[in-house]
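Pasted below: protein-v9.cif, mmCIF, C-alpha atoms and all ligand atoms.
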data_protein
loop_
_atom_site.label_atom_id
_atom_site.label_comp_id
_atom_site.auth_asym_id
_atom_site.auth_seq_id
_atom_site.Cartn_x
_atom_site.Cartn_y
_atom_site.Cartn_z
CA MET A 1 47.14 148.56 101.58
CA ALA A 2 43.90 150.53 101.49
CA VAL A 3 42.18 151.00 98.16
CA THR A 4 42.25 154.78 98.61
CA GLU A 5 46.02 154.68 99.12
CA LEU A 6 46.48 152.65 95.97
CA SER A 7 44.39 155.11 94.01
CA THR A 8 46.29 158.07 95.49
CA LEU A 9 49.61 156.68 94.38
CA GLU A 10 48.19 155.70 91.00
CA ALA A 11 46.84 159.22 90.54
CA VAL A 12 50.29 160.61 91.31
CA ARG A 13 51.89 158.12 88.93
CA GLU A 14 49.57 159.25 86.14
CA LYS A 15 50.56 162.84 86.77
CA VAL A 16 54.26 162.01 86.83
CA GLU A 17 53.99 160.05 83.59
CA ALA A 18 52.03 162.89 81.98
CA ASN A 19 54.73 165.34 83.16
CA GLU A 20 52.14 167.15 85.23
CA ARG A 21 53.29 169.05 88.28
CA LEU A 22 52.36 167.66 91.70
CA THR A 23 50.32 169.83 94.06
CA PHE A 24 50.41 170.45 97.80
CA GLU A 25 47.62 167.87 98.21
CA ASP A 26 49.59 165.31 96.20
CA GLY A 27 52.63 165.95 98.39
CA LEU A 28 50.57 165.48 101.53
CA ALA A 29 49.05 162.25 100.23
CA LEU A 30 52.54 160.95 99.48
CA MET A 31 53.77 161.89 102.96
CA GLU A 32 50.78 160.12 104.50
CA SER A 33 51.31 156.96 102.48
CA ASP A 34 52.76 153.93 104.25
CA ASP A 35 53.46 152.10 101.02
CA LEU A 36 57.16 152.76 101.16
CA LEU A 37 58.20 150.52 98.29
CA ALA A 38 55.64 152.07 95.96
CA LEU A 39 56.86 155.54 96.95
CA GLY A 40 60.45 154.56 96.20
CA GLU A 41 59.55 153.07 92.85
CA LEU A 42 57.51 156.13 91.92
CA ALA A 43 60.35 158.50 92.87
CA ASP A 44 62.88 156.47 90.92
CA THR A 45 60.54 156.44 87.91
CA ALA A 46 60.18 160.23 88.11
CA ARG A 47 63.94 160.69 88.42
CA ARG A 48 64.50 158.66 85.26
CA LEU A 49 61.67 160.33 83.34
CA TRP A 50 63.26 163.68 84.16
CA GLY A 51 66.59 162.67 82.65
CA GLY A 52 68.33 160.77 85.44
CA ASP A 53 70.16 157.52 84.71
CA ASP A 54 72.33 155.04 86.61
CA ARG A 55 74.99 157.55 87.56
CA VAL A 56 75.42 158.28 91.26
CA TYR A 57 77.63 161.19 92.19
CA PHE A 58 80.04 162.01 94.94
CA VAL A 59 82.57 164.74 95.49
CA GLN A 60 85.89 164.63 97.26
CA ASN A 61 85.53 167.26 99.93
CA LEU A 62 86.95 168.60 103.15
CA TYR A 63 84.68 169.85 105.93
CA LEU A 64 85.97 172.80 107.90
CA ASN A 65 84.30 174.66 110.76
CA GLN A 66 85.84 178.05 111.37
CA THR A 67 84.26 178.50 114.80
CA ASN A 68 81.75 176.77 117.04
CA VAL A 69 81.06 179.95 118.99
CA CYS A 70 77.46 180.94 118.32
CA ARG A 71 74.98 183.42 119.71
CA VAL A 72 71.84 181.79 118.33
CA LYS A 73 71.19 178.75 120.57
CA CYS A 74 69.04 176.63 118.27
CA LYS A 75 67.50 173.85 120.33
CA PHE A 76 68.49 171.12 117.89
CA CYS A 77 72.17 172.09 117.94
CA ALA A 78 74.84 170.11 119.78
CA PHE A 79 77.71 171.90 118.07
CA ALA A 80 77.54 175.49 119.32
CA ARG A 81 79.37 176.87 122.38
CA THR A 82 79.62 180.24 124.08
CA GLU A 83 83.07 181.77 123.93
CA LYS A 84 83.85 180.81 127.54
CA GLN A 85 82.58 177.23 127.40
CA ASP A 86 84.92 174.25 127.33
CA GLY A 87 85.63 173.16 123.79
CA ALA A 88 84.91 176.57 122.24
CA TYR A 89 87.21 177.43 119.36
CA THR A 90 87.68 180.10 116.69
CA HIS A 91 90.36 179.20 114.18
CA THR A 92 92.41 181.92 112.57
CA PRO A 93 92.42 182.10 108.76
CA ASP A 94 96.06 180.92 108.77
CA GLU A 95 95.22 177.89 110.92
CA LEU A 96 92.43 176.94 108.53
CA VAL A 97 94.71 177.27 105.51
CA GLU A 98 97.45 175.24 107.17
CA ASP A 99 95.00 172.51 108.08
CA ALA A 100 93.46 172.44 104.60
CA LEU A 101 96.86 172.25 102.90
CA ARG A 102 97.86 169.34 105.13
CA GLN A 103 94.63 167.49 104.33
CA ARG A 104 94.95 168.23 100.63
CA GLU A 105 98.25 166.37 100.47
CA LEU A 106 96.51 163.35 101.95
CA THR A 107 93.25 163.34 100.01
CA GLY A 108 93.38 165.73 97.03
CA PHE A 109 89.86 167.09 97.70
CA THR A 110 88.29 169.43 95.12
CA GLU A 111 85.84 171.18 97.46
CA ILE A 112 85.92 172.78 100.89
CA HIS A 113 82.57 172.82 102.67
CA MET A 114 82.85 175.29 105.50
CA VAL A 115 80.17 176.45 107.92
CA GLY A 116 80.25 177.49 111.55
CA GLY A 117 78.61 179.31 114.41
CA GLU A 118 77.51 182.94 114.34
CA SER A 119 80.18 184.36 116.56
CA PRO A 120 79.67 187.93 117.77
CA HIS A 121 83.41 188.11 118.53
CA VAL A 122 84.70 188.33 114.95
CA GLY A 123 84.25 190.93 112.23
CA PHE A 124 83.24 190.56 108.58
CA ASP A 125 86.92 190.90 107.66
CA TYR A 126 87.50 187.53 109.41
CA TYR A 127 85.25 185.77 106.88
CA VAL A 128 86.66 187.60 103.88
CA GLU A 129 90.21 186.81 104.99
CA ILE A 130 89.41 183.10 105.41
CA VAL A 131 88.00 182.87 101.89
CA ALA A 132 90.78 184.97 100.36
CA LYS A 133 93.56 182.97 102.02
CA LEU A 134 92.05 179.60 101.19
CA HIS A 135 91.54 180.69 97.59
CA GLU A 136 95.06 182.00 97.32
CA ALA A 137 96.54 178.79 98.76
CA MET A 138 94.31 176.47 96.66
CA PRO A 139 92.91 178.37 93.65
CA ASP A 140 91.60 175.19 92.03
CA VAL A 141 89.55 174.14 95.06
CA HIS A 142 85.87 175.15 95.06
CA LEU A 143 84.93 177.07 98.21
CA LYS A 144 81.39 176.24 99.27
CA CYS A 145 81.14 178.31 102.39
CA PHE A 146 78.68 179.82 104.88
CA THR A 147 74.98 179.21 105.32
CA ALA A 148 72.39 181.87 104.58
CA SER A 149 72.18 182.46 108.35
CA GLU A 150 75.89 183.17 108.46
CA ILE A 151 75.58 185.53 105.48
CA HIS A 152 72.76 187.30 107.32
CA HIS A 153 74.97 187.48 110.42
CA MET A 154 77.70 189.09 108.27
CA THR A 155 75.28 191.83 107.21
CA LYS A 156 74.95 192.70 110.91
CA LEU A 157 78.71 192.62 111.42
CA SER A 158 79.48 194.73 108.38
CA GLY A 159 76.49 197.01 107.85
CA LEU A 160 76.46 195.78 104.24
CA THR A 161 73.44 194.41 102.42
CA HIS A 162 73.20 190.68 101.62
CA GLU A 163 74.27 191.53 98.10
CA GLY A 164 77.21 193.55 99.39
CA VAL A 165 78.38 190.67 101.59
CA LEU A 166 78.04 188.13 98.79
CA ARG A 167 79.86 190.36 96.32
CA GLU A 168 82.82 190.76 98.69
CA LEU A 169 82.98 187.05 99.45
CA ARG A 170 82.77 186.19 95.78
CA ALA A 171 85.54 188.64 94.97
CA ALA A 172 87.65 186.86 97.60
CA GLY A 173 87.03 183.45 96.03
CA LEU A 174 83.68 182.09 97.25
CA GLY A 175 82.23 179.55 94.77
CA SER A 176 78.83 178.57 96.17
CA LEU A 177 76.70 178.45 99.30
CA PRO A 178 75.70 175.33 101.19
CA GLY A 179 72.01 174.95 102.02
CA GLY A 180 72.05 175.04 105.82
CA GLY A 181 70.02 177.37 108.01
CA ALA A 182 66.77 176.50 106.24
CA GLU A 183 65.60 174.12 109.03
CA VAL A 184 61.81 174.04 108.41
CA PHE A 185 60.44 177.32 107.07
CA ALA A 186 57.06 177.28 108.88
CA ASP A 187 56.90 180.02 111.53
CA ARG A 188 55.43 177.63 114.11
CA VAL A 189 58.38 175.23 113.79
CA ARG A 190 60.92 178.01 113.76
CA ARG A 191 59.54 179.45 116.99
CA LEU A 192 59.84 176.05 118.67
CA VAL A 193 63.26 174.87 117.53
CA ALA A 194 65.18 177.98 116.52
CA PRO A 195 63.56 181.04 118.10
CA GLY A 196 66.83 183.01 117.93
CA LYS A 197 67.26 182.51 114.22
CA GLU A 198 66.27 185.13 111.66
CA HIS A 199 62.98 184.84 109.76
CA PRO A 200 63.06 182.38 106.83
CA ASP A 201 62.44 185.29 104.45
CA PHE A 202 66.14 186.10 104.95
CA TRP A 203 67.11 182.57 103.88
CA PHE A 204 65.20 183.10 100.64
CA HIS A 205 66.51 186.62 100.18
CA THR A 206 70.10 185.38 100.55
CA HIS A 207 69.69 182.51 98.09
CA ARG A 208 67.72 184.63 95.59
CA THR A 209 70.43 187.29 95.74
CA ALA A 210 73.19 184.71 95.33
CA HIS A 211 71.45 183.24 92.29
CA ALA A 212 71.04 186.69 90.76
CA LEU A 213 74.79 187.20 91.17
CA GLY A 214 75.47 183.86 89.48
CA ILE A 215 76.48 182.11 92.72
CA PRO A 216 74.91 178.63 92.80
CA THR A 217 73.58 177.32 96.10
CA HIS A 218 72.17 174.20 97.73
CA CYS A 219 68.94 173.73 99.65
CA THR A 220 68.10 171.62 102.69
CA MET A 221 65.42 170.71 105.19
CA LEU A 222 66.21 169.61 108.74
CA TYR A 223 63.36 167.21 109.45
CA GLY A 224 62.28 164.76 112.10
CA HIS A 225 61.52 167.02 115.09
CA VAL A 226 58.30 168.97 115.59
CA GLU A 227 57.22 169.56 112.02
CA THR A 228 54.03 168.15 110.51
CA TYR A 229 53.69 166.56 107.09
CA GLU A 230 51.95 169.75 105.92
CA GLU A 231 54.93 171.82 107.04
CA ARG A 232 57.34 169.51 105.22
CA VAL A 233 55.38 169.80 101.99
CA ASP A 234 55.08 173.57 102.39
CA HIS A 235 58.86 173.76 102.84
CA LEU A 236 59.54 171.75 99.69
CA LEU A 237 57.10 173.77 97.61
CA ARG A 238 58.63 177.05 98.74
CA LEU A 239 61.99 175.73 97.51
CA ARG A 240 60.39 174.68 94.23
CA ASP A 241 58.96 178.19 93.77
CA LEU A 242 62.36 179.82 94.17
CA GLN A 243 63.94 177.30 91.83
CA ASP A 244 61.26 178.16 89.22
CA GLU A 245 62.25 181.78 89.58
CA THR A 246 66.06 181.47 89.54
CA GLY A 247 67.21 177.92 88.72
CA GLY A 248 70.12 178.45 91.10
CA PHE A 249 69.87 175.37 93.35
CA LEU A 250 72.31 172.60 92.50
CA ALA A 251 70.81 169.96 94.79
CA PHE A 252 68.42 169.33 97.66
CA ILE A 253 69.75 167.65 100.79
CA PRO A 254 67.28 166.34 103.38
CA LEU A 255 68.94 166.38 106.80
CA ALA A 256 67.54 164.10 109.49
CA PHE A 257 67.46 165.58 112.99
CA HIS A 258 69.89 163.91 115.42
CA PRO A 259 68.79 164.52 119.02
CA GLU A 260 71.90 163.37 120.88
CA ASN A 261 73.46 166.08 123.09
CA THR A 262 70.50 168.43 122.48
CA VAL A 263 67.59 169.37 124.75
CA PHE A 264 65.46 166.92 122.78
CA GLU A 265 67.57 163.97 123.93
CA ARG A 266 66.53 164.72 127.52
CA ARG A 267 62.92 164.52 126.35
CA GLY A 268 63.55 160.99 125.15
CA TRP A 269 63.63 161.70 121.43
CA THR A 270 65.45 159.25 119.19
CA PHE A 271 66.76 159.25 115.64
CA THR A 272 64.32 159.34 112.74
CA PRO A 273 63.36 155.83 111.59
CA GLY A 274 64.94 154.72 108.32
CA SER A 275 61.46 154.49 106.80
CA ASP A 276 60.96 158.23 107.38
CA ASP A 277 64.37 159.04 105.86
CA LEU A 278 63.47 157.05 102.74
CA LYS A 279 60.02 158.61 102.53
CA LEU A 280 61.53 162.09 102.71
CA ILE A 281 63.97 161.28 99.91
CA ALA A 282 61.17 159.91 97.73
CA VAL A 283 58.68 162.71 98.34
CA SER A 284 61.26 165.45 97.90
CA ARG A 285 62.38 163.86 94.62
CA LEU A 286 58.78 163.83 93.42
CA LEU A 287 57.91 167.39 94.48
CA LEU A 288 61.16 169.09 93.51
CA ASP A 289 60.75 168.40 89.82
CA ASN A 290 63.02 171.34 88.97
CA VAL A 291 66.00 170.50 91.21
CA ALA A 292 68.41 168.22 89.39
CA HIS A 293 69.80 166.21 92.30
CA VAL A 294 68.62 164.86 95.65
CA LYS A 295 71.35 163.76 98.01
CA ALA A 296 71.32 160.79 100.35
CA TYR A 297 73.63 162.32 102.94
CA TRP A 298 75.38 159.12 104.08
CA ILE A 299 77.02 160.82 107.00
CA MET A 300 73.62 161.07 108.66
CA MET A 301 71.84 157.99 107.40
CA GLY A 302 74.81 155.63 107.17
CA LEU A 303 76.01 153.95 104.00
CA PRO A 304 73.62 150.95 103.95
CA LEU A 305 70.51 153.15 104.10
CA ALA A 306 72.09 155.57 101.60
CA GLN A 307 72.38 152.61 99.21
CA VAL A 308 68.65 151.96 99.55
CA ALA A 309 67.95 155.68 99.10
CA LEU A 310 69.55 155.45 95.65
CA HIS A 311 66.45 153.46 94.68
CA PHE A 312 64.15 156.07 96.26
CA GLY A 313 65.06 159.02 94.05
CA ALA A 314 68.50 160.04 95.34
CA ASP A 315 71.42 160.20 92.90
CA ASP A 316 74.19 161.62 95.06
CA VAL A 317 75.80 160.42 98.27
CA GLN A 318 77.53 163.74 98.99
CA GLY A 319 81.23 163.11 99.37
CA THR A 320 84.30 161.58 100.86
CA VAL A 321 83.82 164.08 103.70
CA VAL A 322 87.16 164.44 105.39
CA ARG A 323 86.02 165.28 108.94
CA GLU A 324 82.57 166.43 109.88
CA GLU A 325 81.81 167.91 113.28
CA ILE A 326 78.28 169.21 113.34
CA PHE A 327 76.30 166.01 112.98
CA HIS A 328 78.88 164.05 114.92
CA ALA A 329 78.42 166.46 117.81
CA ALA A 330 74.78 165.36 117.62
CA GLY A 331 75.52 161.66 117.57
CA ALA A 332 76.00 160.58 113.95
CA GLU A 333 78.22 157.52 114.14
CA THR A 334 79.38 157.04 110.59
CA GLU A 335 83.07 156.97 109.72
CA THR A 336 83.93 160.47 108.57
CA GLU A 337 86.87 159.66 106.33
CA GLN A 338 85.38 157.54 103.60
CA LYS A 339 87.89 156.68 100.97
CA ILE A 340 86.95 156.92 97.33
CA GLU A 341 87.20 153.14 96.87
CA GLU A 342 84.69 152.61 99.65
CA LEU A 343 82.14 154.99 98.13
CA VAL A 344 82.63 153.44 94.70
CA ARG A 345 82.13 149.96 96.14
CA VAL A 346 78.99 151.04 97.98
CA ILE A 347 77.51 152.70 94.86
CA GLN A 348 78.35 149.74 92.65
CA ALA A 349 76.89 147.31 95.17
CA ALA A 350 73.65 149.29 94.88
CA GLY A 351 73.70 148.57 91.13
CA ARG A 352 74.71 152.06 90.04
CA ILE A 353 77.59 153.73 88.20
CA ALA A 354 79.88 155.70 90.49
CA VAL A 355 80.85 159.15 89.25
CA GLN A 356 83.20 161.49 91.03
CA ARG A 357 82.02 165.03 90.34
CA ASP A 358 83.13 168.53 91.14
CA THR A 359 80.85 170.87 93.05
CA LEU A 360 79.07 171.98 89.87
CA TYR A 361 78.36 168.38 88.80
CA ASN A 362 81.03 168.19 86.10
CA GLU A 363 82.34 164.65 85.89
CA VAL A 364 85.85 164.16 87.23
CA ARG A 365 86.00 160.38 86.92
CA ARG A 366 83.58 157.55 86.18
CA TRP A 367 83.79 153.90 87.24
CA GLU A 368 81.98 151.75 84.69
CA PRO A 369 80.76 148.48 86.23
S1 LIG B 401 72.51 175.48 114.34
FE1 LIG B 401 74.00 177.03 113.68
S2 LIG B 401 72.98 178.97 114.24
FE2 LIG B 401 71.94 177.36 115.44
S3 LIG B 401 73.05 177.28 117.40
FE3 LIG B 401 74.01 175.74 116.05
S4 LIG B 401 75.73 176.81 115.13
FE4 LIG B 401 74.35 178.38 115.96
#
Before we go any further, please render this structure as structure tokens.
Amino acid sequence: MAVTELSTLEAVREKVEANERLTFEDGLALMESDDLLALGELADTARRLWGGDDRVYFVQNLYLNQTNVCRVKCKFCAFARTEKQDGAYTHTPDELVEDALRQRELTGFTEIHMVGGESPHVGFDYYVEIVAKLHEAMPDVHLKCFTASEIHHMTKLSGLTHEGVLRELRAAGLGSLPGGGAEVFADRVRRLVAPGKEHPDFWFHTHRTAHALGIPTHCTMLYGHVETYEERVDHLLRLRDLQDETGGFLAFIPLAFHPENTVFERRGWTFTPGSDDLKLIAVSRLLLDNVAHVKAYWIMMGLPLAQVALHFGADDVQGTVVREEIFHAAGAETETEQKIEELVRVIQAAGRIAVQRDTLYNEVRRWEP
């Protein structure tokens, strides 16, 4: 390890220990560091200094996708179809409710995570009806539904403002928003990978509005494609700024880009290396000093790497995830129906205390070692 690298990490450590906020330059130096173990140790130290302990969280959740019909055509997406393409589907609200009720008998999930394509062939009433019917059928289940991009799409369908859309969805039973649609905020990246998607300002406007209405949300970054280290750090700091303003983010979820079945696969791209996944977890933990939880999304990184990530600043492995289609369309090969016992075993094997939580991080059950 170079002397300069050692001193960079030591300088960051001093700041962390002095509870001093890290800067853009610090973030960049961390991204450029190859001393992975030191990064992990530093992130875990920061997590503990900021109140974290040995608890690692998961939620029992069901993934639903209401439609895979989408007008946007993001280049990284293997999930979307046009209405006439093979495999295109748009489920009715009743079909979604029926499916969820069947799954609930099997797994007893406490959260539904639902996102989908931006179909031009449905109206805003379709979304409201889905939420209302799910809420009516399962009033105790938390409905974490629709990315900021989908909310923006609904403003076009309805003529309502973002606030108007969110108010109607909340009245129907919406509990929180997932963090998708953020991708990487830098204009350059957006133009390259998601030219049809709305400007990132709308992502922030949607989340800021949700927070003002008391609707908590999540935040993400889809990394590992064309973005630079500078653009990653810029993305994280923009999230930190909004969290300073509103405090409405529950957790940050780094999402590694999966190239399979996308145009990038034909260009020979492969999955992000595990070292990059761990670095992203560590650096995001260190920069997002005001976001309580960083998730190691096992469905993308696999359980063994998620276990390592728990020592790199992550304290959440997401959930039991009954079915997941979006990342599996893009080649994620993890089992999608992880039983609670399996997650508990994996967390305990990593030396941590497994805690089942609800969406808002209230403890449901704890497994002491
Ligand atoms: S990522 Fe979302 S918005 Fe983009 S094409 Fe896929 S489904 Fe559509």
Review point. Looking at all atoms listed in the file, which of A:Thr220, A:Asn19, A:Thr209, A:Thr67 is the one that sits closest to Gly248 of chain A?
Key: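 For Gly248 of chain A, the nearest of the candidates is A:Thr209.
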Quick one: which chain A residues come within 9 Å of ligand LIG 401 (chain B), and what is the nearest atom pair for each with the distance in Å to one decimal, counting only C-alpha atoms and all ligand atoms, rows ordered by chain and ascending number, as a Markdown table?
| residue | atom | partner | partner_atom | distance |
| --- | --- | --- | --- | --- |
| A:Thr67 | CA | B:LIG401 | S4 | 8.7 |
| A:Asn68 | CA | B:LIG401 | S4 | 6.3 |
| A:Val69 | CA | B:LIG401 | S4 | 7.3 |
| A:Cys70 | CA | B:LIG401 | FE4 | 4.7 |
| A:Arg71 | CA | B:LIG401 | FE4 | 6.3 |
| A:Val72 | CA | B:LIG401 | S3 | 4.8 |
| A:Lys73 | CA | B:LIG401 | S3 | 4.0 |
| A:Cys74 | CA | B:LIG401 | FE2 | 4.1 |
| A:Lys75 | CA | B:LIG401 | S3 | 7.2 |
| A:Phe76 | CA | B:LIG401 | S1 | 6.9 |
| A:Cys77 | CA | B:LIG401 | FE3 | 4.5 |
| A:Ala78 | CA | B:LIG401 | FE3 | 6.8 |
| A:Phe79 | CA | B:LIG401 | FE3 | 5.7 |
| A:Ala80 | CA | B:LIG401 | S4 | 4.8 |
| A:Arg81 | CA | B:LIG401 | S3 | 8.1 |
| A:Val115 | CA | B:LIG401 | FE1 | 8.5 |
| A:Gly116 | CA | B:LIG401 | S4 | 5.8 |
| A:Gly117 | CA | B:LIG401 | S4 | 3.9 |
| A:Glu118 | CA | B:LIG401 | FE4 | 5.8 |
| A:Ser119 | CA | B:LIG401 | FE4 | 8.4 |
| A:Thr147 | CA | B:LIG401 | FE1 | 8.7 |
| A:Ser149 | CA | B:LIG401 | S2 | 6.9 |
| A:Glu150 | CA | B:LIG401 | S2 | 7.7 |
| A:Gly180 | CA | B:LIG401 | FE1 | 8.3 |
| A:Gly181 | CA | B:LIG401 | FE1 | 6.9 |
| A:Glu183 | CA | B:LIG401 | S1 | 8.8 |
| A:Ala194 | CA | B:LIG401 | FE2 | 6.9 |
| A:Gly196 | CA | B:LIG401 | FE2 | 8.0 |
| A:Lys197 | CA | B:LIG401 | S2 | 6.7 |
| A:Ile326 | CA | B:LIG401 | S4 | 8.2 |
Keeping C-alpha atoms, export the residues of the selection given above as an mmCIF file, in the frame of the given file.
data_model
loop_
_atom_site.group_PDB
_atom_site.id
_atom_site.type_symbol
_atom_site.label_atom_id
_atom_site.label_comp_id
_atom_site.auth_asym_id
_atom_site.auth_seq_id
_atom_site.Cartn_x
_atom_site.Cartn_y
_atom_site.Cartn_z
ATOM 1 C CA THR A 67 84.260 178.500 114.800
ATOM 2 C CA ASN A 68 81.750 176.770 117.040
ATOM 3 C CA VAL A 69 81.060 179.950 118.990
ATOM 4 C CA CYS A 70 77.460 180.940 118.320
ATOM 5 C CA ARG A 71 74.980 183.420 119.710
ATOM 6 C CA VAL A 72 71.840 181.790 118.330
ATOM 7 C CA LYS A 73 71.190 178.750 120.570
ATOM 8 C CA CYS A 74 69.040 176.630 118.270
ATOM 9 C CA LYS A 75 67.500 173.850 120.330
ATOM 10 C CA PHE A 76 68.490 171.120 117.890
ATOM 11 C CA CYS A 77 72.170 172.090 117.940
ATOM 12 C CA ALA A 78 74.840 170.110 119.780
ATOM 13 C CA PHE A 79 77.710 171.900 118.070
ATOM 14 C CA ALA A 80 77.540 175.490 119.320
ATOM 15 C CA ARG A 81 79.370 176.870 122.380
ATOM 16 C CA VAL A 115 80.170 176.450 107.920
ATOM 17 C CA GLY A 116 80.250 177.490 111.550
ATOM 18 C CA GLY A 117 78.610 179.310 114.410
ATOM 19 C CA GLU A 118 77.510 182.940 114.340
ATOM 20 C CA SER A 119 80.180 184.360 116.560
ATOM 21 C CA THR A 147 74.980 179.210 105.320
ATOM 22 C CA SER A 149 72.180 182.460 108.350
ATOM 23 C CA GLU A 150 75.890 183.170 108.460
ATOM 24 C CA GLY A 180 72.050 175.040 105.820
ATOM 25 C CA GLY A 181 70.020 177.370 108.010
ATOM 26 C CA GLU A 183 65.600 174.120 109.030
ATOM 27 C CA ALA A 194 65.180 177.980 116.520
ATOM 28 C CA GLY A 196 66.830 183.010 117.930
ATOM 29 C CA LYS A 197 67.260 182.510 114.220
ATOM 30 C CA ILE A 326 78.280 169.210 113.340
#
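If you look at atom CA of Arg104 of chain A and atom CA of Pro369 of chain A, they are 28.3 Å away from each other.
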Check your understanding: Between A:Asp34, A:Asp316, A:Glu342, A:Glu10, which is the closest to Gly52 of chain A once you count all atoms listed in the file?
Key ->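 Smallest distance to Gly52 of chain A is found for A:Asp316.
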Review point. What would the list of residues within 12 Å of (66.7, 187.2, 100.3) (file frame) look like as a PyMOL selection string, if only C-alpha atoms are what count?
Key: chain A and resi 148-149+151-152+155+161-163+166+198-212+242
**Study point:** Interatomic distance, atom CA of Val321 of chain A to atom CA of Arg285 of chain A (Å, one decimal)
**Key:**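 Separation of atom CA of Val321 of chain A and atom CA of Arg285 of chain A: 23.3 Å.
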Around all of segment 79-87 of chain A's listed atoms, make the axis-aligned box with 5 Å on each side and tell me centre and edge lengths in Å to one decimal, as lines of an AutoDock Vina configuration file.
center_x = 81.6
center_y = 176.8
center_z = 122.8
size_x = 18.1
size_y = 19.9
size_z = 19.5
Exercise for review: Take atom CA of Leu28 of chain A and atom CA of Gln243 of chain A and report the distance between them in Å, one decimal.
Suggested key: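 Taking atom CA of Leu28 of chain A and atom CA of Gln243 of chain A, their separation equals 20.3 Å.
With distances taken over all atoms listed in the file, A:Pro304 is the one residue among A:Pro139, A:Leu39, A:Cys145, A:Pro304 lying closest to Ala349 of chain A.
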**Study point:** Within 6 Å of segment 250-256 of chain A using all atoms listed in the file, minus same-chain residues under 4 positions, as a list in words
**Key:**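 Once the nearby chain positions are removed, what remains is His218, Cys219, Thr220, Met221, Leu222, Tyr223, Gly224, His293, Val294 and Lys295 of chain A.
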